[in-house]
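J.: What follows is run_10.txt, made up of compact mmCIF, C-alpha atoms:
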```
# COMPACT_ATOMS: atom_id res chain seq x y z
CA GLY A 1 102.56 -172.05 -131.48
CA VAL A 2 104.03 -173.34 -128.26
CA LEU A 3 106.52 -171.10 -126.42
CA PRO A 4 109.46 -173.13 -125.05
CA PHE A 5 111.85 -171.82 -122.39
CA GLU A 6 114.31 -173.05 -119.81
CA THR A 7 114.88 -171.23 -116.53
CA PRO A 8 115.87 -171.90 -112.91
CA ALA A 9 112.54 -170.29 -111.94
CA GLY A 10 112.20 -166.70 -113.20
CA ALA A 11 110.01 -165.87 -116.18
CA VAL A 12 107.91 -163.10 -117.71
CA LEU A 13 104.51 -164.20 -119.05
CA VAL A 14 101.53 -162.52 -120.70
CA GLY A 15 98.05 -163.80 -119.99
CA THR A 16 94.73 -163.29 -118.23
CA VAL A 17 94.18 -163.66 -114.49
CA ARG A 18 91.37 -166.15 -113.83
CA LYS A 19 89.78 -167.80 -110.81
CA ASP A 20 87.98 -171.14 -110.62
CA ALA A 21 87.09 -173.67 -107.96
CA ASP A 22 90.78 -174.56 -107.52
CA GLY A 23 91.94 -170.96 -107.05
CA TRP A 24 93.83 -168.37 -109.10
CA SER A 25 95.66 -168.98 -112.36
CA LEU A 26 97.30 -167.16 -115.26
CA GLN A 27 95.80 -168.25 -118.57
CA THR A 28 98.77 -167.66 -120.89
CA GLU A 29 98.29 -166.18 -124.34
CA GLN A 30 99.97 -169.19 -125.88
CA PRO A 31 100.90 -172.62 -124.50
CA VAL A 32 104.32 -172.80 -122.86
CA ASN A 33 106.78 -175.68 -122.49
CA VAL A 34 108.74 -174.99 -119.29
CA THR A 35 111.94 -176.68 -118.16
CA LEU A 36 112.86 -175.74 -114.58
CA THR A 37 116.61 -176.13 -114.04
CA GLU A 38 116.85 -175.07 -110.40
CA LEU A 39 117.67 -178.69 -109.56
CA MET A 40 120.39 -179.21 -112.15
CA ASP A 41 120.57 -182.96 -111.59
CA HIS A 42 116.83 -183.29 -112.14
CA PRO A 43 115.28 -180.67 -114.46
CA GLU A 44 111.50 -180.54 -114.16
CA VAL A 45 109.57 -180.43 -117.43
CA PHE A 46 106.04 -179.06 -117.84
CA ASP A 47 104.75 -179.28 -121.41
CA HIS A 48 101.88 -177.39 -123.01
CA GLN A 49 100.97 -175.30 -119.98
CA THR A 50 98.10 -172.85 -120.50
CA GLY A 51 96.74 -172.37 -116.98
CA ILE A 52 99.50 -171.78 -114.43
CA ARG A 53 98.39 -171.60 -110.82
CA MET A 54 99.15 -168.31 -109.02
CA PHE A 55 99.79 -167.28 -105.42
CA GLU A 56 98.34 -164.17 -103.84
CA THR A 57 101.10 -162.18 -102.12
CA ASP A 58 101.36 -159.29 -99.68
CA ALA A 59 101.95 -157.00 -102.65
CA TYR A 60 99.11 -158.15 -104.89
CA SER A 61 95.44 -158.92 -104.36
CA LEU A 62 94.72 -160.92 -107.51
CA GLY A 63 91.04 -160.02 -107.40
CA HIS A 64 91.98 -156.55 -108.59
CA PHE A 65 93.44 -158.03 -111.80
CA ARG A 66 90.74 -160.61 -112.41
CA ASP A 67 89.88 -161.15 -116.10
CA CYS A 68 92.44 -158.53 -117.15
CA THR A 69 95.27 -159.05 -119.60
CA VAL A 70 98.49 -158.66 -117.59
CA THR A 71 102.25 -159.07 -117.89
CA VAL A 72 103.68 -160.96 -114.91
CA GLN A 73 107.29 -161.26 -113.85
CA GLY A 74 107.44 -164.13 -111.42
CA MET A 75 108.99 -167.31 -110.12
CA LEU A 76 107.83 -170.66 -111.48
CA GLN A 77 107.92 -173.63 -109.16
CA ASN A 78 106.70 -177.17 -108.68
CA TYR A 79 105.07 -176.34 -105.37
CA ARG A 80 105.87 -179.07 -102.78
CA GLY A 81 106.74 -181.41 -105.63
CA ALA A 82 103.07 -181.88 -106.43
CA GLY A 83 103.63 -181.98 -110.17
CA THR A 84 101.71 -178.74 -110.75
CA LEU A 85 103.35 -175.59 -112.06
CA TYR A 86 102.83 -172.51 -109.87
CA LEU A 87 103.68 -168.86 -110.43
CA TYR A 88 104.72 -166.55 -107.58
CA PRO A 89 104.16 -162.99 -108.92
CA CYS A 90 106.94 -160.47 -108.26
CA LEU A 91 105.53 -157.75 -110.54
CA ILE A 92 102.14 -157.52 -112.23
CA GLU A 93 101.54 -154.88 -114.91
CA VAL A 94 98.20 -154.31 -116.59
CA GLY A 95 98.26 -154.94 -120.34
CA ARG A 96 100.99 -156.33 -122.56
CA THR A 97 104.39 -154.79 -121.78
CA VAL A 98 106.53 -157.38 -123.60
CA ASP A 99 106.18 -158.77 -127.12
CA VAL A 100 106.39 -162.38 -126.00
CA GLY A 101 106.95 -164.32 -122.78
CA ARG A 102 110.48 -165.46 -122.02
CA ALA A 103 112.76 -166.96 -119.43
CA MET A 104 114.16 -164.53 -116.85
CA PRO A 105 116.96 -166.46 -115.11
CA GLU A 106 118.20 -163.37 -113.28
CA LEU A 107 114.91 -162.94 -111.41
CA THR A 108 114.88 -163.87 -107.72
CA TYR A 109 112.23 -163.99 -105.05
CA PRO A 110 111.64 -160.59 -103.45
CA GLU A 111 112.74 -160.28 -99.87
CA ALA A 112 109.97 -160.69 -97.32
CA ILE A 113 107.92 -157.52 -97.35
CA SER A 114 107.71 -155.82 -94.00
CA SER A 115 105.05 -153.47 -92.78
CA GLY A 116 105.33 -150.34 -90.70
CA ASP A 117 104.04 -149.48 -87.27
CA TYR A 118 100.81 -147.50 -87.40
CA ASP A 119 99.43 -145.48 -84.49
CA PRO A 120 96.05 -143.90 -85.36
CA SER A 121 96.40 -141.41 -82.51
CA ILE A 122 99.27 -139.67 -84.32
CA PRO A 123 97.77 -136.88 -86.46
CA LEU A 124 98.56 -136.66 -90.15
CA PRO A 125 100.97 -133.92 -91.22
CA GLU A 126 99.21 -130.70 -92.16
CA LYS A 127 100.34 -131.17 -95.76
CA MET A 128 98.16 -134.31 -96.00
CA GLN A 129 94.96 -132.79 -94.63
CA PRO A 130 92.00 -131.87 -96.87
CA VAL A 131 92.54 -128.52 -98.61
CA ILE A 132 89.86 -125.84 -99.01
CA ARG A 133 90.41 -122.94 -101.40
CA ASN A 134 87.85 -120.20 -102.09
CA GLY A 135 85.27 -122.16 -100.12
CA LYS A 136 85.71 -125.38 -102.11
CA TYR A 137 87.68 -128.58 -101.65
CA VAL A 138 90.62 -128.90 -104.02
CA TYR A 139 92.53 -132.06 -104.84
CA ASN A 140 95.43 -132.53 -102.42
CA PHE A 141 98.15 -134.58 -104.15
CA TYR A 142 99.72 -135.39 -100.77
CA SER A 143 96.72 -137.10 -99.15
CA LEU A 144 96.95 -140.76 -98.17
CA SER A 145 94.24 -143.23 -97.22
CA ARG A 146 94.18 -144.78 -93.77
CA ASN A 147 94.35 -148.23 -95.40
CA THR A 148 97.79 -147.48 -96.85
CA LEU A 149 99.05 -145.94 -93.61
CA GLU A 150 97.88 -149.03 -91.70
CA GLN A 151 99.99 -151.15 -94.04
CA MET A 152 103.01 -148.87 -94.34
CA GLY A 153 103.14 -147.14 -90.96
CA ASN A 154 103.13 -143.48 -89.87
CA ASP A 155 106.70 -142.91 -91.06
CA TYR A 156 105.59 -143.61 -94.65
CA ALA A 157 103.96 -140.16 -94.71
CA ALA A 158 107.35 -138.40 -94.83
CA PHE A 159 108.55 -140.58 -97.72
CA TYR A 160 105.29 -140.11 -99.61
CA MET A 161 105.43 -136.33 -99.33
CA ASP A 162 109.04 -136.38 -100.59
CA PHE A 163 107.99 -138.55 -103.52
CA VAL A 164 105.04 -136.32 -104.48
CA ASP A 165 107.28 -133.23 -104.28
CA ALA A 166 109.73 -134.93 -106.63
CA PHE A 167 107.10 -136.19 -109.07
CA LEU A 168 105.34 -132.84 -109.36
CA SER A 169 108.74 -131.23 -110.03
CA TYR A 170 109.68 -133.80 -112.73
CA LYS A 171 112.52 -135.19 -110.64
CA THR A 172 113.41 -138.87 -111.03
CA SER A 173 114.41 -139.91 -107.51
CA CYS A 174 113.88 -139.25 -103.82
CA PRO A 175 115.10 -140.68 -100.51
CA CYS A 176 113.48 -143.98 -99.56
CA PRO A 177 114.53 -145.03 -96.04
CA GLU A 178 112.81 -148.45 -96.07
CA LYS A 179 113.17 -151.06 -98.79
CA PHE A 180 109.62 -152.31 -98.31
CA TYR A 181 108.39 -148.87 -99.44
CA ALA A 182 110.02 -149.71 -102.77
CA ASP A 183 108.76 -153.31 -102.75
CA LEU A 184 105.18 -152.06 -102.55
CA PHE A 185 105.71 -148.96 -104.69
CA THR A 186 103.68 -150.04 -107.73
CA SER A 187 100.79 -151.17 -105.57
CA THR A 188 100.59 -148.03 -103.44
CA MET A 189 100.90 -145.77 -106.49
CA PHE A 190 97.93 -147.51 -108.11
CA TYR A 191 95.70 -146.91 -105.10
CA GLU A 192 97.02 -143.54 -103.93
CA PHE A 193 98.64 -141.51 -106.71
CA PRO A 194 96.77 -141.80 -110.04
CA LEU A 195 99.18 -139.53 -111.91
CA PHE A 196 102.02 -142.05 -111.67
CA TYR A 197 100.28 -144.53 -113.96
CA ALA A 198 99.62 -141.72 -116.45
CA ASP A 199 103.24 -140.59 -116.65
CA GLY A 200 105.59 -142.76 -114.64
CA ASP A 201 107.68 -145.88 -115.12
CA TYR A 202 109.23 -147.88 -112.29
CA ASP A 203 111.37 -151.01 -112.50
CA LEU A 204 110.79 -153.17 -109.43
CA PHE A 205 114.21 -154.77 -109.77
CA THR A 206 116.45 -151.77 -110.48
CA GLY A 207 114.44 -148.87 -109.06
CA TYR A 208 115.75 -149.05 -105.51
CA ASP A 209 119.36 -148.33 -104.51
CA SER A 210 119.92 -150.03 -101.15
CA GLU A 211 123.30 -148.33 -100.61
CA THR A 212 122.01 -144.78 -100.90
CA LYS A 213 118.45 -145.70 -99.83
CA THR A 214 117.04 -143.91 -102.86
CA ILE A 215 114.17 -144.81 -105.18
CA HIS A 216 114.35 -143.99 -108.90
CA TRP A 217 111.73 -143.80 -111.63
CA SER A 218 111.36 -142.28 -115.11
CA TYR A 219 108.70 -140.50 -117.16
CA THR A 220 106.95 -141.26 -120.41
CA ARG A 221 106.35 -137.59 -121.31
CA THR A 222 108.37 -134.41 -121.70
CA LYS A 223 108.48 -131.84 -118.90
CA ALA A 224 105.98 -129.62 -120.73
CA GLU A 225 103.62 -132.56 -121.31
CA HIS A 226 104.07 -133.64 -117.69
CA ASP A 227 103.12 -130.21 -116.37
CA ARG A 228 100.07 -130.07 -118.65
CA LEU A 229 99.00 -133.54 -117.49
CA ILE A 230 99.13 -132.41 -113.86
CA ALA A 231 97.17 -129.23 -114.57
CA ASP A 232 94.50 -131.06 -116.57
CA PHE A 233 94.15 -133.72 -113.88
CA GLU A 234 93.84 -131.15 -111.11
CA SER A 235 91.17 -129.26 -113.04
CA ALA A 236 89.18 -132.44 -113.69
CA ALA A 237 89.41 -133.59 -110.06
CA ASN A 238 88.44 -130.17 -108.70
CA SER A 239 85.38 -130.03 -110.94
CA ILE A 240 84.08 -133.14 -109.13
CA LEU A 241 85.05 -131.88 -105.67
CA ALA A 242 83.28 -128.56 -106.34
CA ALA A 243 79.94 -130.28 -105.75
CA VAL A 244 80.77 -130.88 -102.07
CA ASP A 245 79.66 -128.43 -99.37
CA VAL A 246 82.69 -128.00 -97.11
CA SER A 247 80.49 -127.04 -94.14
CA ALA A 248 78.28 -130.16 -94.35
CA SER A 249 78.48 -133.26 -92.16
CA ASP A 250 80.64 -136.24 -93.14
CA ALA A 251 77.49 -138.08 -94.23
CA LEU A 252 76.26 -135.29 -96.49
CA ARG A 253 79.70 -134.56 -97.98
CA ALA A 254 80.15 -138.22 -98.87
CA GLN A 255 76.67 -138.34 -100.40
CA GLN A 256 77.31 -135.19 -102.47
CA LEU A 257 80.63 -136.52 -103.76
CA TYR A 258 79.12 -139.85 -104.77
CA HIS A 259 76.24 -138.11 -106.53
CA ALA A 260 78.64 -135.84 -108.44
CA PHE A 261 80.91 -138.70 -109.45
CA CYS A 262 78.58 -141.47 -110.64
CA PRO A 263 76.61 -139.72 -113.42
CA LEU A 264 79.89 -138.64 -115.07
CA MET A 265 81.15 -142.19 -115.54
CA THR A 266 80.79 -144.60 -118.46
CA TYR A 267 81.62 -148.29 -118.19
CA ASP A 268 84.23 -149.23 -120.81
CA TYR A 269 83.78 -152.89 -121.76
CA PRO A 270 86.89 -153.15 -124.03
CA THR A 271 89.03 -152.36 -120.95
CA LEU A 272 88.22 -155.83 -119.62
CA GLU A 273 90.38 -157.17 -122.44
CA ASN A 274 92.92 -154.45 -123.17
CA GLY A 275 93.27 -152.66 -119.81
CA ALA A 276 93.20 -149.28 -121.58
CA TYR A 277 91.11 -147.37 -119.02
CA ARG A 278 91.75 -149.47 -115.93
CA GLU A 279 93.80 -147.08 -113.77
CA PRO A 280 91.88 -144.65 -111.50
CA TYR A 281 93.41 -141.73 -113.44
CA HIS A 282 90.96 -142.37 -116.28
CA ALA A 283 87.91 -141.83 -114.08
CA TYR A 284 89.05 -138.25 -113.52
CA VAL A 285 90.07 -137.17 -117.02
CA ASP A 286 88.22 -139.58 -119.33
CA HIS A 287 85.20 -140.34 -117.12
CA ARG A 288 85.37 -143.98 -118.15
CA GLY A 289 86.78 -147.26 -116.93
CA VAL A 290 85.75 -150.43 -115.12
CA CYS A 291 84.93 -151.23 -111.50
CA ILE A 292 88.51 -150.90 -110.19
CA THR A 293 88.86 -147.54 -111.99
CA PHE A 294 85.79 -146.11 -110.29
CA ALA A 295 86.43 -147.66 -106.88
CA GLY A 296 90.04 -146.48 -106.85
CA ALA A 297 89.18 -142.92 -107.85
CA LEU A 298 86.26 -142.67 -105.41
CA SER A 299 88.43 -143.87 -102.54
CA GLN A 300 90.96 -141.15 -103.37
CA LEU A 301 88.26 -138.47 -103.64
CA PHE A 302 86.60 -139.46 -100.36
CA THR A 303 90.01 -139.09 -98.69
CA ARG A 304 90.32 -135.55 -100.11
CA ILE A 305 87.12 -134.47 -98.35
CA GLY A 306 88.07 -136.06 -95.04
CA VAL A 307 85.92 -139.21 -95.32
CA GLN A 308 87.65 -142.51 -94.62
CA SER A 309 87.29 -144.96 -97.52
CA THR A 310 88.92 -148.01 -99.00
CA LEU A 311 88.20 -150.71 -101.57
CA ALA A 312 86.06 -153.79 -101.30
CA SER A 313 86.21 -156.67 -103.76
CA GLY A 314 84.57 -160.04 -104.27
CA ASP A 315 83.67 -162.78 -106.69
CA THR A 316 80.55 -162.40 -108.80
CA SER A 317 78.03 -165.16 -109.37
CA THR A 318 79.02 -165.21 -113.06
CA GLY A 319 82.68 -165.93 -112.26
CA GLU A 320 84.26 -162.50 -112.59
CA GLY A 321 85.77 -160.26 -109.94
CA HIS A 322 84.27 -156.95 -108.85
CA ALA A 323 85.48 -153.94 -106.86
CA TRP A 324 83.54 -151.24 -105.02
CA ASN A 325 84.01 -149.05 -101.91
CA MET A 326 83.65 -149.15 -98.17
CA ILE A 327 83.19 -145.78 -96.47
CA THR A 328 83.24 -144.91 -92.78
CA ILE A 329 80.66 -142.44 -91.47
CA ASP A 330 80.41 -141.65 -87.75
CA GLY A 331 82.46 -144.74 -86.94
CA LYS A 332 80.32 -147.18 -88.95
CA ASN A 333 81.19 -148.83 -92.27
CA TYR A 334 78.96 -148.96 -95.34
CA PHE A 335 79.28 -150.19 -98.92
CA CYS A 336 78.77 -148.05 -102.01
CA ASP A 337 79.18 -149.18 -105.61
CA ALA A 338 79.62 -146.65 -108.42
CA THR A 339 79.73 -149.35 -111.11
CA TYR A 340 76.36 -150.86 -110.21
CA GLU A 341 74.99 -147.35 -109.70
CA LEU A 342 75.51 -146.67 -113.41
CA THR A 343 72.90 -149.31 -114.22
CA VAL A 344 70.11 -147.34 -112.49
CA GLN A 345 68.97 -144.10 -114.16
CA GLY A 346 72.47 -143.31 -115.36
CA GLY A 347 73.91 -143.14 -111.86
CA THR A 348 71.69 -140.25 -110.80
CA VAL A 349 70.08 -141.92 -107.77
CA TYR A 350 71.45 -143.73 -104.70
CA ALA A 351 70.50 -147.33 -105.45
CA TYR A 352 73.91 -148.70 -104.39
CA TYR A 353 74.95 -146.20 -101.72
CA GLY A 354 75.29 -146.66 -97.96
CA MET A 355 74.57 -150.39 -98.14
CA THR A 356 74.66 -153.03 -95.45
CA LEU A 357 76.19 -156.43 -96.18
CA ASP A 358 72.72 -157.91 -96.66
CA GLN A 359 71.90 -155.23 -99.21
CA ARG A 360 75.18 -155.84 -101.02
CA LEU A 361 74.32 -159.54 -101.30
CA ALA A 362 70.59 -159.12 -101.94
CA ASP A 363 70.64 -159.26 -105.74
CA GLY A 364 72.74 -162.43 -105.75
CA SER A 365 75.50 -160.90 -107.86
CA ILE A 366 78.26 -161.22 -105.22
CA VAL A 367 79.27 -164.58 -103.77
CA PRO A 368 78.88 -164.61 -99.96
CA GLY A 369 82.15 -165.22 -98.16
CA SER A 370 84.27 -163.93 -101.06
CA ILE A 371 84.51 -160.27 -100.00
CA SER A 372 87.85 -158.72 -99.07
CA ILE A 373 88.43 -155.21 -97.76
CA GLY A 374 91.35 -152.93 -98.63
CA GLY A 375 93.54 -151.85 -101.50
CA ALA A 376 97.21 -151.52 -100.61
CA SER A 377 96.64 -154.05 -97.81
CA PHE A 378 93.59 -156.27 -97.59
CA HIS A 379 91.78 -158.76 -95.37
CA MET A 380 88.69 -160.93 -95.69
CA LEU A 381 85.50 -159.24 -94.55
CA GLN A 382 84.96 -159.83 -90.86
CA ASP A 383 81.67 -160.42 -89.02
CA GLY A 384 80.13 -157.13 -87.93
CA GLU A 385 82.55 -155.01 -89.96
CA ILE A 386 79.71 -153.49 -92.02
CA SER A 387 76.86 -151.61 -90.33
CA ALA A 388 73.70 -153.68 -89.81
CA THR A 389 71.53 -150.69 -90.74
CA PRO A 390 71.76 -148.65 -93.97
CA LEU A 391 73.26 -145.18 -94.05
CA GLN A 392 70.48 -142.61 -93.70
CA MET A 393 70.26 -140.22 -96.64
CA GLN A 394 70.74 -136.55 -95.81
```
Before we go any further, please render this structure as structure tokens.

T.:
Amino acid sequence: GVLPFETPAGAVLVGTVRKDADGWSLQTEQPVNVTLTELMDHPEVFDHQTGIRMFETDAYSLGHFRDCTVTVQGMLQNYRGAGTLYLYPCLIEVGRTVDVGRAMPELTYPEAISSGDYDPSIPLPEKMQPVIRNGKYVYNFYSLSRNTLEQMGNDYAAFYMDFVDAFLSYKTSCPCPEKFYADLFTSTMFYEFPLFYADGDYDLFTGYDSETKTIHWSYTRTKAEHDRLIADFESAANSILAAVDVSASDALRAQQLYHAFCPLMTYDYPTLENGAYREPYHAYVDHRGVCITFAGALSQLFTRIGVQSTLASGDTSTGEGHAWNMITIDGKNYFCDATYELTVQGGTVYAYYGMTLDQRLADGSIVPGSISIGGASFHMLQDGEISATPLQMQ
């Protein structure tokens, strides 16, 4: 049936993120009749809404949620009085996290999200550098991608190390000197710290205490289960990293990692509907997922061997979204795509590795002009950003 609710603006809705010629929308699970009461003398009524237009925000690149079932807390508005209902997302969670959509009158627009100052000449703390043990790379929980540091600033490193210390110790809070660290917490955890989505729960609206400048979260598992989860994850990640020769060049290390990763993975089609294996965590321990799973995990793994990497995403010719990776070797950027790699001899060759932009577009599967670069922060692909010549195999 139709879901009726009345709200000044705030609501929580379940649906699927879609994109068409007019832009992004949330296709709700059931039609909604919305009465917006923000203007008390003139309530605005929108009946039988099924496709509510959505804004992209600094916190969310909607391409990463495309065609996924999501739960969105956001602000509904009649944008510029145009007679069309729009949704400004404040929090997007993969899957269904509420039984049914409802009004959320207490919800307010998040404060403008800042960004930090980033100086690439400042070295990373030693704790964030790649770690070698017994002649092999091991997974460093404290590592951060350059993409996140560019968005959050150098000072974010100290907060992130405090958070990881707390999480690994099963603590539920840590100091958080900047509110925008909390505003972007769910986004940065998705791209940087896969364990949080396996055993962590954060409320965007109550998780930050501005008086004490502290961030709070909770766990879904017991301490014993939490510790086992960490150990199992570390073992799984290290088994992939073991294929990398620590003494090799950046180019060869990246190639070895990619070759170790791809054949392990299986594309999980049901995840497109239920989101079950979407988070990068599942690439490590379950060896299955969808494009964002593989791209997220690969970006994290490249970082652990000292190779700069981030996400790339774009529209496909069939109307879906797709995510892959951009890596930097000897100062030049290249594309590599673990998902497409799986379609060629089980991921055992390098059909989609070290690509130029022309190679990425050659099969016609990605719409030219639709490509964005970055995870935690993103921008549209710029002219000359990708090397004009392919990466030479080692």

J.: Using only C-alpha atoms, which residue out of A:Tyr350, A:Tyr334, A:Tyr170, A:Phe46 lies closest to Glu385 in chain A?

T.: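 Using only C-alpha atoms, the shortest distance to Glu385 in chain A belongs to A:Tyr334.
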
J.: With 12 Å as the cut-off and only C-alpha atoms counted, what is the closest atom pair between each nearby residue of range 73-105 of chain A and range 16-20 of chain A? Distances in Å to one decimal, ordered by chain and number, as CSV.

T.:
```
residue,atom,partner,partner_atom,distance
A:Leu87,CA,A:Val17,CA,11.6
A:Pro89,CA,A:Val17,CA,11.4
A:Ile92,CA,A:Val17,CA,10.3
A:Glu93,CA,A:Thr16,CA,11.3
A:Val94,CA,A:Thr16,CA,9.8
A:Gly95,CA,A:Thr16,CA,9.3
A:Arg96,CA,A:Thr16,CA,10.3
```

J.: To one decimal place, how far is CA of Ser187 in chain A from CA of Glu279 in chain A in Å?

T.: 11.5 Å

J.: Find the spatial neighbours of Trp217 in chain A, counting all atoms listed in the file, within a cut-off of 6 Å - ignore same-chain residues fewer than 6 positions away - and output them as a compact mmCIF listing (two decimals) with C-alpha atoms, in the frame of the given file.

T.:
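Once everything was written out, this is out_22.txt:
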```txt
# COMPACT_ATOMS: atom_id res chain seq x y z
CA THR A 172 113.41 -138.87 -111.03
CA ASP A 201 107.68 -145.88 -115.12
CA TYR A 202 109.23 -147.88 -112.29
```

J.: Per residue of range 95-207 of chain A within 12 Å of range 247-262 of chain A, which atom pair is closest and at what distance in Å (one decimal), using all atoms listed in the file, listed by chain and increasing number, as a Markdown table?

T.:
```
| residue | atom | partner | partner_atom | distance |
| --- | --- | --- | --- | --- |
| A:Ile132 | CA | A:Ser247 | CA | 10.6 |
| A:Gly135 | CA | A:Ser247 | CA | 9.1 |
| A:Lys136 | CA | A:Ser247 | CA | 9.7 |
| A:Tyr137 | CA | A:Ser247 | CA | 10.5 |
```

J.: Can you tell me how far CA of Ile327 in chain A sits from CA of Ser309 in chain A, in Å to one decimal?

T.: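 Interatomic distance here is 4.3 Å.
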
J.: Give me the residues within 12 Å of Thr222 in chain A as a PyMOL selection string, counting all atoms listed in the file and dropping any in the same chain fewer than 6 places off.

T.: chain A and resi 170-171+199-200+228-229

J.: Write out, as a JSON list (two decimals), in the frame of the given file, the residues just selected, with C-alpha atoms.

T.:
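Below is the file that was written, out_17.json:
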```json
[["chain", "number", "residue", "atom", "x", "y", "z"],
["A", 170, "TYR", "CA", 109.68, -133.80, -112.73],
["A", 171, "LYS", "CA", 112.52, -135.19, -110.64],
["A", 199, "ASP", "CA", 103.24, -140.59, -116.65],
["A", 200, "GLY", "CA", 105.59, -142.76, -114.64],
["A", 228, "ARG", "CA", 100.07, -130.07, -118.65],
["A", 229, "LEU", "CA", 99.00, -133.54, -117.49]]
```

J.: Take CA of Ala157 in chain A and CA of Asp330 in chain A and report the distance between them in Å, one decimal.

T.: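 CA of Asp330 in chain A lies at a distance of 24.6 Å from CA of Ala157 in chain A.
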
J.: Give as number ranges by chain the set of residues within 12 Å of the point (83.4, -151.7, -120.3), where distances use the file's coordinates and all atoms listed in the file.

T.: A: 68, 265-278, 287-294, 339, 342

J.: Within 8 Å of Met152 in chain A, counting all atoms listed in the file, which residues show up once you throw out same-chain ones fewer than 2 positions away? Write them as a list in words, please.

T.: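 That gives Ser115, Gly116, Asp117, Tyr118, Thr148, Leu149, Glu150, Asn154, Asp155, Tyr156 and Tyr181 of chain A.
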
J.: Residues within 10 Å of (73.7, -149.1, -91.1), file coordinates, counting all atoms listed in the file: what are they? Give the list as a PyMOL selection string.

T.: chain A and resi 329+332-335+354-357+386-392
